[in-house]
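Shown here: final-v6.cif, mmCIF, C-alpha atoms.
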data_upload
#
loop_
_atom_site.label_atom_id
_atom_site.label_comp_id
_atom_site.auth_asym_id
_atom_site.auth_seq_id
_atom_site.Cartn_x
_atom_site.Cartn_y
_atom_site.Cartn_z
CA MET B 1 112.82 88.08 121.25
CA CYS B 2 111.49 85.02 123.07
CA THR B 3 111.71 84.46 126.80
CA GLU B 4 113.79 81.71 128.40
CA ARG B 5 110.57 79.75 129.03
CA GLN B 6 109.63 80.01 125.35
CA GLU B 7 113.12 78.91 124.30
CA ASN B 8 112.90 75.86 126.56
CA GLU B 9 109.44 75.00 125.18
CA LEU B 10 110.79 75.21 121.64
CA ASN B 11 113.80 73.07 122.45
CA ALA B 12 111.63 70.50 124.22
CA ALA B 13 109.42 70.24 121.13
CA LEU B 14 112.57 69.69 119.08
CA ALA B 15 113.98 67.17 121.55
CA LEU B 16 117.06 69.38 121.93
CA PRO B 17 119.04 70.33 125.03
CA PRO B 18 117.95 73.57 126.72
CA ASN B 19 119.09 76.80 125.02
CA THR B 20 120.03 75.02 121.77
CA MET B 21 117.45 76.77 119.54
CA VAL B 22 116.50 80.42 119.96
CA ILE B 23 113.90 82.69 118.39
CA ARG B 24 115.46 86.10 117.84
CA GLU B 25 115.08 89.25 115.79
CA TYR B 26 115.96 88.99 112.10
CA SER B 27 119.07 90.88 110.95
CA ASP B 28 120.35 91.68 107.46
CA ALA B 29 123.05 89.07 107.98
CA ASP B 30 120.26 86.46 107.90
CA ARG B 31 118.95 87.47 104.46
CA GLU B 32 120.76 84.85 102.41
CA ALA B 33 119.85 82.02 104.77
CA VAL B 34 116.22 83.17 104.96
CA THR B 35 116.00 83.38 101.16
CA ARG B 36 117.13 79.76 100.96
CA LEU B 37 114.01 78.83 102.94
CA GLY B 38 111.98 79.66 99.83
CA GLY B 39 110.87 83.27 99.97
CA ALA B 40 112.17 86.82 99.92
CA VAL B 41 112.17 89.15 102.91
CA ILE B 42 109.32 91.66 102.53
CA ASP B 43 111.21 94.76 103.59
CA TRP B 44 108.36 97.26 103.20
CA TRP B 45 106.38 95.46 105.90
CA HIS B 46 108.88 96.86 108.39
CA SER B 47 108.87 100.47 107.20
CA LYS B 48 105.68 101.54 108.97
CA GLY B 49 107.26 102.49 112.27
CA PRO B 50 108.05 100.72 115.55
CA GLY B 51 105.74 98.12 117.02
CA VAL B 52 103.62 97.38 113.96
CA SER B 53 105.58 94.43 112.56
CA LEU B 54 107.56 91.33 113.53
CA ASN B 55 110.60 89.88 111.80
CA LEU B 56 111.93 86.80 113.64
CA VAL B 57 114.11 83.78 112.93
CA ALA B 58 114.46 80.45 114.70
CA ALA B 59 118.19 79.73 114.81
CA HIS B 60 120.58 77.21 116.35
CA ARG B 61 122.27 79.07 119.18
CA GLU B 62 125.78 77.72 118.52
CA THR B 63 125.93 77.16 114.75
CA GLY B 64 123.63 80.02 113.74
CA GLU B 65 121.75 77.71 111.33
CA ILE B 66 118.40 79.31 110.40
CA ALA B 67 115.56 76.80 110.86
CA GLY B 68 112.61 79.14 110.28
CA HIS B 69 111.53 82.69 109.54
CA LEU B 70 108.43 84.66 110.52
CA GLN B 71 107.25 88.03 109.27
CA ALA B 72 104.04 89.65 110.50
CA MET B 73 102.55 93.11 110.13
CA ASP B 74 99.49 95.09 111.14
CA ALA B 75 97.79 95.66 107.76
CA GLY B 76 95.60 98.38 109.28
CA VAL B 77 98.56 100.78 109.50
CA PRO B 78 98.71 103.49 108.27
CA GLU B 79 95.12 104.61 108.51
CA PRO B 80 92.83 104.73 106.63
CA SER B 81 93.27 101.15 105.48
CA ARG B 82 91.15 98.65 103.56
CA ARG B 83 92.40 95.97 105.97
CA ALA B 84 91.68 97.62 109.29
CA GLY B 85 91.79 95.11 112.13
CA GLN B 86 93.87 92.59 110.20
CA CYS B 87 97.35 91.19 110.66
CA GLN B 88 99.19 89.29 107.94
CA PHE B 89 102.08 86.90 108.29
CA THR B 90 104.43 84.70 106.28
CA LEU B 91 106.15 81.71 107.86
CA ARG B 92 108.74 79.39 106.34
CA VAL B 93 110.58 76.45 107.90
CA ALA B 94 113.51 74.52 106.44
CA PRO B 95 112.27 71.10 105.20
CA GLU B 96 114.55 69.19 107.59
CA HIS B 97 113.06 71.07 110.56
CA ARG B 98 109.39 70.67 109.66
CA ARG B 99 107.04 68.73 111.95
CA HIS B 100 109.36 69.31 114.89
CA GLY B 101 107.73 72.37 116.43
CA VAL B 102 109.64 75.22 114.79
CA GLY B 103 106.66 76.45 112.75
CA GLY B 104 104.31 76.18 115.71
CA ALA B 105 106.67 78.13 117.97
CA LEU B 106 107.03 80.91 115.40
CA TYR B 107 103.28 80.98 114.72
CA ARG B 108 102.55 81.54 118.42
CA HIS B 109 104.55 84.76 118.14
CA ALA B 110 102.43 85.80 115.13
CA GLU B 111 99.13 85.21 116.91
CA SER B 112 100.36 86.89 120.08
CA PHE B 113 101.39 89.90 118.00
CA ALA B 114 97.96 90.04 116.32
CA ARG B 115 96.20 89.95 119.67
CA ARG B 116 98.41 92.74 121.01
CA ARG B 117 97.41 94.80 117.98
CA SER B 118 93.70 94.10 118.80
CA SER B 119 93.22 92.50 115.39
CA ARG B 120 89.96 90.78 114.54
CA LEU B 121 91.55 88.34 112.09
CA ILE B 122 94.89 86.96 110.87
CA TYR B 123 95.59 86.51 107.15
CA ALA B 124 98.09 84.14 105.53
CA ALA B 125 98.50 82.47 102.14
CA TYR B 126 100.17 79.44 100.57
CA ILE B 127 100.74 77.95 97.10
CA ALA B 128 98.29 75.07 96.64
CA HIS B 129 100.41 72.30 95.14
CA ASP B 130 100.06 68.62 96.04
CA GLY B 131 101.15 68.03 99.60
CA ALA B 132 101.58 71.72 100.45
CA PRO B 133 102.56 71.60 104.15
CA ALA B 134 101.00 75.00 104.90
CA ALA B 135 97.48 73.75 104.13
CA SER B 136 97.31 71.34 107.06
CA PHE B 137 99.46 73.63 109.26
CA LEU B 138 96.94 76.47 108.94
CA ARG B 139 93.88 74.25 109.14
CA LYS B 140 95.05 72.76 112.45
CA ARG B 141 95.35 76.27 113.85
CA GLY B 142 91.82 77.31 112.96
CA PHE B 143 92.34 78.97 109.57
CA GLU B 144 89.76 78.74 106.81
CA PRO B 145 90.12 79.55 103.07
CA LEU B 146 89.04 83.07 102.11
CA GLU B 147 90.09 83.81 98.51
CA THR B 148 92.22 82.42 95.70
CA PHE B 149 94.72 84.06 93.35
CA TYR B 150 95.77 82.61 90.00
CA PRO B 151 99.33 83.35 88.81
CA SER B 152 100.14 82.88 85.13
CA TYR B 153 102.89 83.54 82.62
CA LEU B 154 103.31 84.04 78.88
CA ASP B 155 106.30 82.82 76.87
CA LEU B 156 106.94 85.82 74.62
CA ALA B 157 109.41 84.04 72.32
CA SER B 158 106.64 81.81 70.98
CA PHE B 159 103.80 84.35 71.14
CA ASP B 160 102.21 85.20 67.78
CA PRO B 161 100.16 88.45 67.88
CA ALA B 162 98.59 87.93 64.43
CA PRO B 163 95.47 86.03 65.61
CA PHE B 164 94.61 88.93 67.95
CA ALA B 165 95.10 91.86 65.55
CA SER B 166 91.34 92.38 65.24
CA ALA B 167 91.17 93.35 68.93
CA ILE B 168 92.76 96.71 68.19
CA GLY B 169 90.60 97.19 65.09
CA ARG B 170 87.44 96.75 67.13
CA LEU B 171 88.55 99.54 69.46
CA GLU B 172 89.20 101.88 66.55
CA GLU B 173 85.67 101.22 65.29
CA GLN B 174 84.40 102.46 68.68
CA GLY B 175 86.48 105.64 68.46
CA ILE B 176 89.08 104.47 70.97
CA ARG B 177 92.78 104.75 70.18
CA LEU B 178 95.77 103.21 71.88
CA THR B 179 98.82 105.30 72.69
CA THR B 180 101.44 105.81 75.39
CA LEU B 181 102.06 108.40 78.06
CA ALA B 182 105.26 109.35 76.25
CA THR B 183 103.30 110.11 73.07
CA VAL B 184 100.56 112.22 74.65
CA GLY B 185 103.01 113.93 77.01
CA ASP B 186 103.64 113.70 80.75
CA THR B 187 101.93 116.96 81.79
CA PRO B 188 100.26 117.99 85.08
CA ASP B 189 96.82 117.66 83.45
CA HIS B 190 97.63 114.23 82.05
CA ARG B 191 98.93 113.07 85.42
CA GLN B 192 95.60 114.01 86.97
CA ARG B 193 93.70 112.11 84.27
CA LEU B 194 95.87 109.04 84.72
CA TYR B 195 95.57 109.20 88.50
CA GLN B 196 91.76 109.36 88.33
CA LEU B 197 91.66 106.48 85.83
CA GLU B 198 93.86 104.22 87.94
CA GLN B 199 91.97 104.98 91.15
CA SER B 200 88.58 104.30 89.55
CA ALA B 201 89.85 101.00 88.13
CA ARG B 202 91.46 99.88 91.39
CA ALA B 203 88.34 100.75 93.40
CA THR B 204 86.54 97.71 91.98
CA GLN B 205 89.34 95.16 92.39
CA PRO B 206 87.71 92.09 94.01
CA PHE B 207 89.30 91.49 97.40
CA ARG B 208 87.35 89.96 100.29
CA GLU B 209 87.16 91.00 103.94
CA VAL B 210 88.25 94.53 103.07
CA ALA B 211 86.76 97.96 103.63
CA PRO B 212 85.77 100.24 100.71
CA TYR B 213 88.69 101.31 98.53
CA VAL B 214 90.89 104.07 99.95
CA PRO B 215 92.31 106.21 97.10
CA GLU B 216 96.09 106.48 97.14
CA PRO B 217 97.20 110.06 97.95
CA PHE B 218 98.10 111.83 94.71
CA ALA B 219 101.56 112.85 95.97
CA GLN B 220 102.41 109.23 96.80
CA TRP B 221 101.04 107.98 93.48
CA GLU B 222 103.01 110.66 91.62
CA LYS B 223 106.29 109.53 93.19
CA GLU B 224 105.67 106.01 91.90
CA LEU B 225 104.67 107.33 88.47
CA GLU B 226 108.04 109.04 88.14
CA LYS B 227 109.71 105.61 88.39
CA ARG B 228 107.73 104.28 85.42
CA ASP B 229 108.78 104.25 81.79
CA PRO B 230 106.34 106.57 79.94
CA THR B 231 107.02 104.67 76.69
CA ALA B 232 105.69 101.53 78.40
CA THR B 233 102.63 103.14 80.01
CA PHE B 234 99.87 102.28 77.53
CA LEU B 235 96.62 104.23 77.33
CA ALA B 236 93.19 103.82 75.76
CA ILE B 237 91.72 107.24 74.95
CA VAL B 238 88.30 108.07 73.47
CA VAL B 239 88.80 110.16 70.35
CA GLY B 240 86.95 113.50 70.48
CA PRO B 241 86.22 114.02 74.18
CA GLY B 242 89.71 112.73 74.99
CA ARG B 243 88.50 110.65 77.89
CA TRP B 244 91.10 108.26 79.31
CA VAL B 245 89.40 104.87 79.79
CA GLY B 246 92.15 102.23 80.07
CA VAL B 247 95.76 101.80 81.15
CA VAL B 248 98.55 99.25 81.38
CA THR B 249 101.30 100.49 83.69
CA GLY B 250 104.39 98.69 82.38
CA LEU B 251 105.92 95.67 80.70
CA GLU B 252 106.62 93.34 83.64
CA TRP B 253 104.22 92.62 86.53
CA TYR B 254 102.01 95.50 85.51
CA PHE B 255 98.52 96.71 86.41
CA THR B 256 95.78 96.61 83.77
CA GLY B 257 92.89 98.95 84.55
CA VAL B 258 89.72 99.97 82.72
CA ASN B 259 87.22 102.60 83.81
CA PRO B 260 84.21 100.64 85.16
CA ASP B 261 81.84 102.49 82.76
CA TRP B 262 83.87 101.29 79.75
CA ARG B 263 84.31 97.61 80.51
CA GLY B 264 83.09 94.91 78.16
CA ARG B 265 84.38 96.67 75.03
CA GLY B 266 87.65 94.76 74.61
CA ILE B 267 89.83 97.56 75.99
CA ALA B 268 91.79 95.35 78.40
CA THR B 269 92.51 92.77 75.70
CA ALA B 270 93.78 95.39 73.25
CA LEU B 271 95.92 97.15 75.85
CA LYS B 272 97.50 93.89 77.02
CA LEU B 273 98.16 92.92 73.41
CA ARG B 274 99.91 96.25 72.80
CA CYS B 275 101.96 95.67 75.95
CA ILE B 276 102.90 92.11 74.96
CA VAL B 277 103.99 93.14 71.47
CA GLU B 278 106.22 95.89 72.88
CA ALA B 279 107.72 93.57 75.50
CA LYS B 280 108.47 91.00 72.79
CA ARG B 281 110.06 93.72 70.64
CA ARG B 282 112.34 94.70 73.54
CA GLY B 283 113.53 91.13 74.01
CA ILE B 284 111.68 90.32 77.24
CA ALA B 285 111.38 86.53 77.38
CA ARG B 286 108.58 86.01 79.90
CA MET B 287 105.66 88.02 81.21
CA GLU B 288 104.02 87.21 84.55
CA THR B 289 100.79 88.30 86.18
CA GLU B 290 98.24 87.23 88.80
CA ASN B 291 94.46 87.47 88.98
CA HIS B 292 92.03 87.30 91.86
CA GLY B 293 89.69 84.32 91.54
CA ASP B 294 86.66 86.66 91.45
CA ASN B 295 88.10 88.63 88.53
CA LEU B 296 86.63 86.30 85.92
CA ALA B 297 86.83 88.84 83.10
CA MET B 298 90.60 89.33 83.39
CA ILE B 299 91.21 85.61 83.84
CA ALA B 300 89.34 85.09 80.57
CA VAL B 301 91.42 87.79 78.83
CA ASN B 302 94.67 86.16 79.94
CA ARG B 303 93.55 82.69 78.91
CA LYS B 304 92.55 84.04 75.49
CA LEU B 305 95.99 85.60 75.04
CA GLY B 306 97.70 82.32 75.88
CA PHE B 307 98.86 82.83 79.46
CA ILE B 308 99.68 79.56 81.22
CA PHE B 309 98.20 79.28 84.71
CA THR B 310 100.27 77.73 87.49
CA ASP B 311 99.45 76.53 91.03
CA PRO B 312 96.99 78.93 92.68
CA GLU B 313 97.66 80.86 95.87
CA VAL B 314 95.09 80.27 98.61
CA ALA B 315 94.59 83.00 101.20
CA CYS B 316 93.24 81.91 104.58
CA ILE B 317 92.00 83.74 107.66
CA LYS B 318 91.59 83.01 111.33
CA ARG B 319 89.07 85.10 113.24
CA LEU B 320 90.20 86.15 116.71
#

Using structure tokens, write down the structure that the file contains.
Amino acid sequence: MCTERQENELNAALALPPNTMVIREYSDADREAVTRLGGAVIDWWHSKGPGVSLNLVAAHRETGEIAGHLQAMDAGVPEPSRRAGQCQFTLRVAPEHRRHGVGGALYRHAESFARRRSSRLIYAAYIAHDGAPAASFLRKRGFEPLETFYPSYLDLASFDPAPFASAIGRLEEQGIRLTTLATVGDTPDHRQRLYQLEQSARATQPFREVAPYVPEPFAQWEKELEKRDPTATFLAIVVGPGRWVGVVTGLEWYFTGVNPDWRGRGIATALKLRCIVEAKRRGIARMETENHGDNLAMIAVNRKLGFIFTDPEVACIKRL
């Protein structure tokens, strides 16, 4: 909650009478209005315990109109964390209230929060379309670009798998077969194999300004596995030794992972193709994904399969 002095500063920037606009804690009653600003509330950011996140709105004191929304969290909690010493935030302002001080007033709360958490940097991102207001907003406050993410989608109604059929044949020639977790069986031993495969694949995901990969605790991973559809968990297994070398974790917004020692053999392409064909069979109309700009191999796989790339997401940092 802001102080009376902060409220008056905000209202002065907006050329409003004192106590007209207030920055206050977000409540569930604000969800619909906040969503209309252009983004969903990230609820899990606020599940880490007291004092490690912010969730604020800028609202008209009398009408309750929501002019802006800020979420911030300490990404170093819980420990160990790949983002120790970092705070992240999202900030959205209604178009009619932009360039009037609302965003700046909310941002000051984000930076103050990061300094209280003894963070060494603040991390934020925006979609890089023409005239994106966040680009200049962040630049003016000392942020610099760090990394880029490339979202893409595939229209399954028009997708023809025939031109890619040879991808699966090439795997078979190498003694690698594709199957599902449902087919091989969801056993304790198979859960351990899948866990090790996913952790080894995730350990080399290309993020910047992060510490070495911290394996997810098996018990936590297992809880998430139990929410998955085993008929839509696709596996690449080496025939003979039975080594698990590749996985796709679902049909919509899934993770594609290949053991680092087995990359460059076409495993990711074949697994994604198997996933796409099954999604199309089930009547799913659109498949979406996102790739880090440094993950050139997976970007190439998605382009080859016909994914259409949309405006990139640019992540920026400010060092404190």

Written as a short mmCIF file (atom, residue, chain, number, x, y, z; two decimals) with C-alpha atoms, in the coordinates of the input, which residues does the PyMOL selection byres ((chain B and resi 121-124) around 8) give for the file shown?
data_model
loop_
_atom_site.label_atom_id
_atom_site.label_comp_id
_atom_site.auth_asym_id
_atom_site.auth_seq_id
_atom_site.Cartn_x
_atom_site.Cartn_y
_atom_site.Cartn_z
CA GLY B 85 91.79 95.11 112.13
CA GLN B 86 93.87 92.59 110.20
CA CYS B 87 97.35 91.19 110.66
CA GLN B 88 99.19 89.29 107.94
CA PHE B 89 102.08 86.90 108.29
CA THR B 90 104.43 84.70 106.28
CA GLU B 111 99.13 85.21 116.91
CA ALA B 114 97.96 90.04 116.32
CA SER B 119 93.22 92.50 115.39
CA ARG B 120 89.96 90.78 114.54
CA ALA B 125 98.50 82.47 102.14
CA TYR B 126 100.17 79.44 100.57
CA ALA B 315 94.59 83.00 101.20
CA CYS B 316 93.24 81.91 104.58
CA ILE B 317 92.00 83.74 107.66
CA LYS B 318 91.59 83.01 111.33
CA ARG B 319 89.07 85.10 113.24
CA LEU B 320 90.20 86.15 116.71
#

- Query: For Phe309 of chain B, which residue among B:Asp155, B:Ala105, B:Ala59, B:Gly64 is the nearest when counting all atoms listed in the file?
  - Reply: B:Asp155

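The two atoms in question, atom CA of Ser152 of chain B and atom CA of Ala203 of chain B, are spaced 23.0 Å apart.
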
Please build the interface table for segment 193-231 of chain B against segment 171-182 of chain B with a cut-off of 10 Å, listing for each qualifying residue the nearest atom pair and the distance in Å to one decimal; count all atoms listed in the file, order rows by chain and increasing number, and write it as a tab-separated table.
residue	atom	partner	partner_atom	distance
B:Leu194	CA	B:Leu181	CA	9.1
B:Asp229	CA	B:Ala182	CA	8.3
B:Pro230	CA	B:Ala182	CA	4.7
B:Thr231	CA	B:Ala182	CA	5.0

- Item | Proximity to Phe137 of chain B - best of B:Lys48, B:Arg98, B:His109, B:Arg116, all atoms listed in the file |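 Looking only at the distances to Phe137 of chain B, the closest residue turns out to be B:Arg98.
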
- Task: Given the file shown, enumerate the residues that the PyMOL selection byres ((chain B and resi 157) around 9) captures and present them as a ChimeraX atom specification.
- Result: /B:154-156,158-160,280,283-286

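If you look at atom CA of Arg282 of chain B and atom CA of Ala167 of chain B, they are 21.7 Å away from each other.
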
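The residues returned by the PyMOL selection byres ((chain B and resi 289) around 8) on the shown structure are Pro151, Ser152, Tyr153, Trp253, Tyr254, Met287, Glu288, Glu290 and Asn291 of chain B.
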
- Residue with the minimum atom-to-atom distance to His100 of chain B, picked from B:Val245, B:Ala84, B:Val277, B:Ala67 with all atoms listed in the file counted, is B:Ala67

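The gap separating atom CA of His292 of chain B from atom CA of Val210 of chain B is 13.9 Å, in Å to one decimal.
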
Determine, using only C-alpha atoms, which residues of segment 12-60 of chain B have any atom at most 12 Å from an atom of segment 78-82 of chain B, and tabulate each with its shortest atom pair and distance in Å to one decimal place, rows ordered by chain and then rising number, as JSON lines.
{"residue": "B:Trp45", "atom": "CA", "partner": "B:Pro78", "partner_atom": "CA", "distance": 11.4}
{"residue": "B:Ser47", "atom": "CA", "partner": "B:Pro78", "partner_atom": "CA", "distance": 10.7}
{"residue": "B:Lys48", "atom": "CA", "partner": "B:Pro78", "partner_atom": "CA", "distance": 7.3}
{"residue": "B:Gly49", "atom": "CA", "partner": "B:Pro78", "partner_atom": "CA", "distance": 9.5}
{"residue": "B:Val52", "atom": "CA", "partner": "B:Pro78", "partner_atom": "CA", "distance": 9.7}

- Message: Measuring between only C-alpha atoms, which one of B:Arg31, B:Asp74, B:Pro206, B:His46 shows the shortest distance to Arg115 of chain B?
- Response: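 Of B:Arg31, B:Asp74, B:Pro206, B:His46, the one nearest Arg115 of chain B is B:Asp74, counting only C-alpha atoms.
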
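If you measure from each of B:Gly76, B:Trp244, B:Arg92, B:Glu209 to Ser118 of chain B using only C-alpha atoms, the closest one turns out to be B:Gly76.
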
- Task: Considering all atoms listed in the file, state which residue in the set B:Pro241, B:Gly293, B:Pro212, B:Pro163 is at the smallest distance from Leu305 of chain B.
- Result: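 Distance minimum relative to Leu305 of chain B lands on B:Pro163.
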
- Message: Could you list, as a ChimeraX atom specification, every residue within 12 Å of Asp28 of chain B, counting all atoms listed in the file and ignoring same-chain residues fewer than 5 positions away?
- Response: /B:33-35,41,43,55-57

- Message: Counting all atoms listed in the file, which residues sit no farther than 7 Å from the position (90.9, 81.5, 91.1) in the file's frame? I'd like them as number ranges by chain.
- Response: B: 148-150, 292-294, 312
